[in-house]
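**Student:** Sending over a structure as structure tokens; questions will come in a sec.
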Amino acid sequence: MIEQSPALILIPPFLVAILVALVGFRYQKVCFPLTVLSLAGSVVACVVTLMRVIEGGTIRYFIAGWAPPFGIEFRIDGLNALVAVTVSSVGLLAAIYSKNRVPAENPDKVSQYYTLFLLLITGLLGMVITGDAFNLYVMLEVAALTSYALIAMGPKRATLAAYKYVIMGTIGASFYLLGVGYLYIKTGSLNMFDIHEVLKANDLFGSPAVLVAFIMITVGVWIKMAFFPLHAWLPNSYAYAPTTSSAILGPLVTKVMIYVMIRLTLTVFGVEYTFIQLEWSNIVVWMSVLAILAGSISALAQTDLRKMLAFLIIAEVGYMVGGVWLADETGMIGAIYHIIADAFMTLCVFLFAGILFAKTGKRDLSAMDGQFKKMPLTLVGFLVGAFSLIGIPPTAGFFSKWYLIQGGINSGHYEYVIALLISSLINAVLFFRMIEIAYFGVKPAEGHDHNHSSDHDSGRSEASASMLIPLLITAAILLLIGIFNKDLVAIITDFVSPFNIASGAR
Amino acid sequence: MSPTNITSIIPVLACLASLLAVLPIVLLRSKPNFREGATFVAGFLKFGLVLSMLPTILDGTTISYTLWEIVPNLTIGFRVDGLGMLFALVASSLWIVTSLYSIGYMRGLKEHSQTRFYSFFAVSLSATIGVAFAANLFTLYLFYEMLSLATYPLVTHHQDKEARTGGRTYLTHLLTTSIGFVLPALIFVFVKTGSSMEFAGSGFLKGYIGETEALILLLLFTFGFAKSGLMPFHSWLPGAMVAPTPVSALLHAVAVVKVGVFCILRVYSGVFGLEFLKELDLGTIITWIAAFTIIVSSLIALSQDNLKRRLAFSTIGQLSYIILGMALLTPMGATGSMMHIAMHAFGKITLFFCAGAIFEATGKKKISQMVGIGKRMPITMIAFFIGSLSIVGIPLAGGFWSKFYLLYGTVQEGQYAMLAVLLTSSLLNAAYFFPIVFKAFFCKPEESQFEAKVEEAHPAAVAALSLTALVTVVFFFYPEPFYSLAEAAASQFISF
């Protein structure tokens, strides 16, 4: 059983997806428990795999026993084991949240919804654990197609948003596929590690074809991760999707694409080629600075809560792309740590946005009015997520900024440091604006009348347990990975240090 | 004599005592008497724990405890030395007095949400003691941020429009400066030194950074700790006066603002090292920045009619005394600077208590409405007189000693410009305080706005303000243990 753990990450959600499609049609009630159970199974498999990686190093798993370069290989090291745990647990938490929301928002499509939901998680997990560049493309399309549908299930405007996403997503995926094609022509292999070996052995790094492949793949991945200015598909998609869809897509899709970028730069093309030979580092860091500022400033202009959060995702993507391209070891560690931290904090705020929408039916910030009195526990969960996005210790977001800024100073990219700080401050404004409304009300009373003491404790109504529990668990995770970030960073460092990302190599 | 060190968990417990009190405070929310009982138990426990470490510290020993390593090479650690002890003593003792005062004030005015009030008060105190006992720059920063957030609900307690504006100014100033200035400076220090950023008696930056970097870092830290009220990042302080008076008294005359200057003193002495600053001749810039704040804020204070606002601007000026004293980079200046933390705290809290008592008893906030109030509230106004004596620095009040050492420090170094600044400021202090007292007692009967009948505020409030006024006088005759602590700390920072 233990030997099979990499396969067991994918099998439960995949098989249950089919089962839900077949059975859920007639017996709508079984969809939710089946989904949660299968994702719980996947989480267990991920954690077991992570433990094995920590103990015994990289795991190579050949599907159906076919050895690479002919067969497909799952190759799991410290990096993707961590990301897999993150993806599966975010999936599980969002699934628990969906209990009442899916029947409420899509009453006639419950089984379809859960089928797509599970396939999405399968696709994302597949992208994370595979060691095969083409297999990654397949998984990417599985995740992409399901997410188009998951978005389109929202109210009216979601359809148009999903359409935009289909176009952009398809272009991105095609770019990636083209790039992989070039690599295949040059190396005759699709296995990531094999490609790198062949490139190195035959000294193909000077080849224009490889350069084209690199550009194609990078741009394709950037489109899929909504890296500014290729981000236009994202805000409306996440803002108008059903709340469960945005709670799962928001935290995961962009983060998994960041993972793919790190995997391709470190494993396929190698540090030497990406950071030293190409000399792109400065340009990309400046692009990420733009992304951070553009995302944050656009977020300021939003009144729709989920749209605001969507723009924050764009800024956060800038954090991570910049962190990777600082070409500094601490920066890379920060970027990887931020994948995990950001997945949970985005989940936290999107869950809260969903709860707020469910409670008030309002999309804009006025929904916060007086919520401190009505649902204090829910607000506590939200506060942790908000503090994490601002970067207040000891939440996870503080420590990811800590490492990223350290990387920026190490490599002398002060423009990146300044962008991060400005974005933190903008986040502070964004979230304290919400906190203010929740605490004072939309129109605070004039003068010192203390009549609000009389309605104390009245009208208190927390979110229902299925929505509140995942929110509080997420908040707790944010605090835990913040306080115990050292252990997490130790795993990441073990992964990053063999690549010898030269400190300050520009 | 090299300072010895012992490991003990007491500093951690002293820090946690008030944080843990939040639980009983919330649980006992329906029984106000028991709830306030919990606050007092925690207060005495905290003060006791701090006091129990005093003899050890006076012996020249430091106490430290490392909780755990949070980032590779960085720990959450506690370390008690003279400077930290001095500050912790002031904060923890005044918490007890303020709690006594709060009961009078909050009940007298029938304020809402008192449980929330006492809970966040307790959290703020934990953060304050955390700052006092922080062993390294990182731990200091953690508690500094915690204090900013924990005091927000206290500042905005009234939850009305005014509170909202005040709260907004409060947070934007404090968070912008701490995230925008201190955090990058902190990480820069960490990157450059690669060390654990443990405070050392003579600093640890020397040899790692050049002159320009040192100047930039120094300014980032000095302005970044905006709780110190240094201009131009001072306007949160008058804005925060919308808070209930006990909050203004403890937090904005003692805990919050003193945390700001404390952090600055810590950075000067423990990170840069006074000798290093002297070598680079960076003290002068800071003294001029502080001098500017001292004079300008005193002038603004003169023109304020709202009593609490006048006190707020007076505080801004007095805080810069502390920064100026340390930036003189002389042993006497440093001693005076640290003593002023304690002396100003007791004097200013008395004044705030009086302002609150007047408001509670008469509803008056403006100075122009307080003519003849001495006949109505004699105890309060006598306490007010003692408090202002201490701030101005006239004998028979503790404030005399810290001013004395500050002036001594300027003469020692031949900085006559600073001497002039301090003396001018003292005159201005007298000019904005004594007329209030004078008009309260000596006015023509027809001018008086009060009947001659004696009617003081809630007894708990009067007891609190009499106590702090009394202590202020006691410190004139016996300025211990603050003098010994300050002198011992100063001798570690710079050689006599």
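Residues are referred to by chain and number: the chain letter is A, B, ... according to the order shown in the structure tokens, the number counts from 1 in that chain, and ligands are numbered separately from 1 in the order shown.
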Compile the residues of chain B that lie within 8 Å of chain A, evaluated using only C-alpha atoms, and express the compilation as a ChimeraX atom specification.
**Tutor:** /B:69-72,111-113,142,145,158-162,164,172,175-176,179-180,184,187-188,191
**Student:** Give me, as a PyMOL selection string, all polymer residues having an atom no more than 10 Å from Val50 in chain B, counting only C-alpha atoms and skipping those fewer than 2 positions away in the same chain.
**Tutor:** chain B and resi 10-11+13-15+44-48+52-54+80+85-86+88-89+92-93+129
**Student:** Could you write out the selected residues, including C-alpha atoms, as a CSV table (one decimal), in the first residue's frame?
**Tutor:**
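Below is the file that was written, part-v2.csv:
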chain,number,residue,atom,x,y,z
B,10,ILE,CA,10.1,34.4,34.8
B,11,PRO,CA,10.3,37.1,32.0
B,13,LEU,CA,5.6,34.5,32.6
B,14,ALA,CA,5.6,38.2,33.3
B,15,CYS,CA,4.8,38.8,29.7
B,44,PHE,CA,-0.4,42.2,40.9
B,45,LEU,CA,0.9,38.9,39.6
B,46,LYS,CA,2.6,40.7,36.7
B,47,PHE,CA,4.0,43.4,38.9
B,48,GLY,CA,5.2,40.8,41.4
B,52,SER,CA,11.0,39.6,41.8
B,53,MET,CA,13.6,40.0,39.1
B,54,LEU,CA,14.7,43.5,40.3
B,80,VAL,CA,15.9,41.4,31.0
B,85,MET,CA,13.5,46.3,33.8
B,86,LEU,CA,13.0,50.0,34.2
B,88,ALA,CA,8.6,47.0,32.7
B,89,LEU,CA,8.5,48.3,36.3
B,92,SER,CA,3.3,47.0,35.2
B,93,SER,CA,2.9,49.2,38.2
B,129,ILE,CA,6.1,43.8,28.6
**Student:** DSSP says strand (DSSP E) for which residues of range 26-181 of chain B? Put them as a list in words?
**Tutor:**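 These are the residues in question: Thr62, Ile63, Ser64, Tyr65, Thr66, Leu67, Trp68, Glu69, Ile70, Val71, Leu74, Thr75, Ile76, Gly77, Phe78, Arg79 and Val80 of chain B.
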**Student:** Tell me, in Å to one decimal, how far CA of Ala386 in chain A is from CA of Ser124 in chain B.
**Tutor:**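 That distance, rounded to one decimal, is 20.6 Å.
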**Student:** Which residues, written as a list in words, have at least one atom at most 6 Å from range 324-341 of chain B, with only C-alpha atoms counted and residues fewer than 3 positions away on the same chain left out?
**Tutor:**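 In the requested form, the answer reads Leu274, Gly283, Thr287, Ala290, Ser320, Tyr321, His344, Ser402, Tyr405, Leu406, Gly409, Ala486, Glu487, Ala490 and Phe496 of chain B.
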**Student:** Env of Val198 in chain A: 10 Å cut, atoms = only C-alpha atoms, seq-sep filter 5 positions within chain, self excluded. Answer as a PyMOL selection string.
**Tutor:** chain A and resi 186-189+193+203-204
**Student:** What does the file look like for those residues with C-alpha atoms, as a CSV table (one decimal), in the first residue's frame?
**Tutor:**
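See result.csv below for the written result:
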chain,number,residue,atom,x,y,z
A,186,LYS,CA,15.5,18.5,-29.9
A,187,THR,CA,15.8,15.9,-27.3
A,188,GLY,CA,13.5,13.0,-28.3
A,189,SER,CA,12.2,12.8,-24.8
A,193,PHE,CA,14.6,14.9,-16.0
A,203,ASP,CA,25.2,21.0,-25.0
A,204,LEU,CA,22.0,22.1,-26.6
**Student:** Nearest to Val12 in chain B: which of B:Thr75, B:Thr193, B:Thr115, B:Ser126 is it, counting only C-alpha atoms?
**Tutor:**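 Closest to Val12 in chain B of all the choices is B:Ser126.
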**Student:** Pull the helix (DSSP H, G or I) assignments for range 70-159 of chain B out of DSSP run on the backbone, and list those residues as a PyMOL selection string.
**Tutor:** chain B and resi 82-108+114-133+137-155
**Student:** Using only C-alpha atoms, which protein or nucleic acid residues come within 8 Å of Gly126 in chain A? Drop anything in the same chain fewer than 3 positions from it, and give the result as a ChimeraX atom specification.
**Tutor:** /A:10,122-123,129-130,136,139
**Student:** Include C-alpha atoms and write out the residues we just selected as a PDB file, in the first residue's frame.
**Tutor:**
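The result, stored in part.pdb:
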ATOM      1  CA  LEU A  10      -4.940  10.553  -7.824  1.00  0.00           C
ATOM      2  CA  THR A 122      -7.382  15.268 -10.032  1.00  0.00           C
ATOM      3  CA  GLY A 123      -6.002  17.437 -12.811  1.00  0.00           C
ATOM      4  CA  ILE A 129       3.176  14.990  -9.145  1.00  0.00           C
ATOM      5  CA  THR A 130       3.949  14.093 -12.737  1.00  0.00           C
ATOM      6  CA  LEU A 136       1.601  17.683 -17.485  1.00  0.00           C
ATOM      7  CA  MET A 139      -3.442  17.214 -16.719  1.00  0.00           C
TER       8      MET A 139
END
**Student:** Considering only C-alpha atoms, return as a PyMOL selection string whatever protein or nucleic-acid residues lie within 7 Å of range 340-342 of chain A, sequence-local ones (same chain, fewer than 6 positions apart) excluded.
**Tutor:** chain A and resi 83+86+396-397+478
**Student:** Considering only C-alpha atoms, state which residue in the set B:Ser303, B:Thr468, B:Thr362, B:Gln412 is at the smallest distance from Phe450 in chain B.
**Tutor:**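 Of B:Ser303, B:Thr468, B:Thr362, B:Gln412, the one nearest Phe450 in chain B is B:Thr362, counting only C-alpha atoms.
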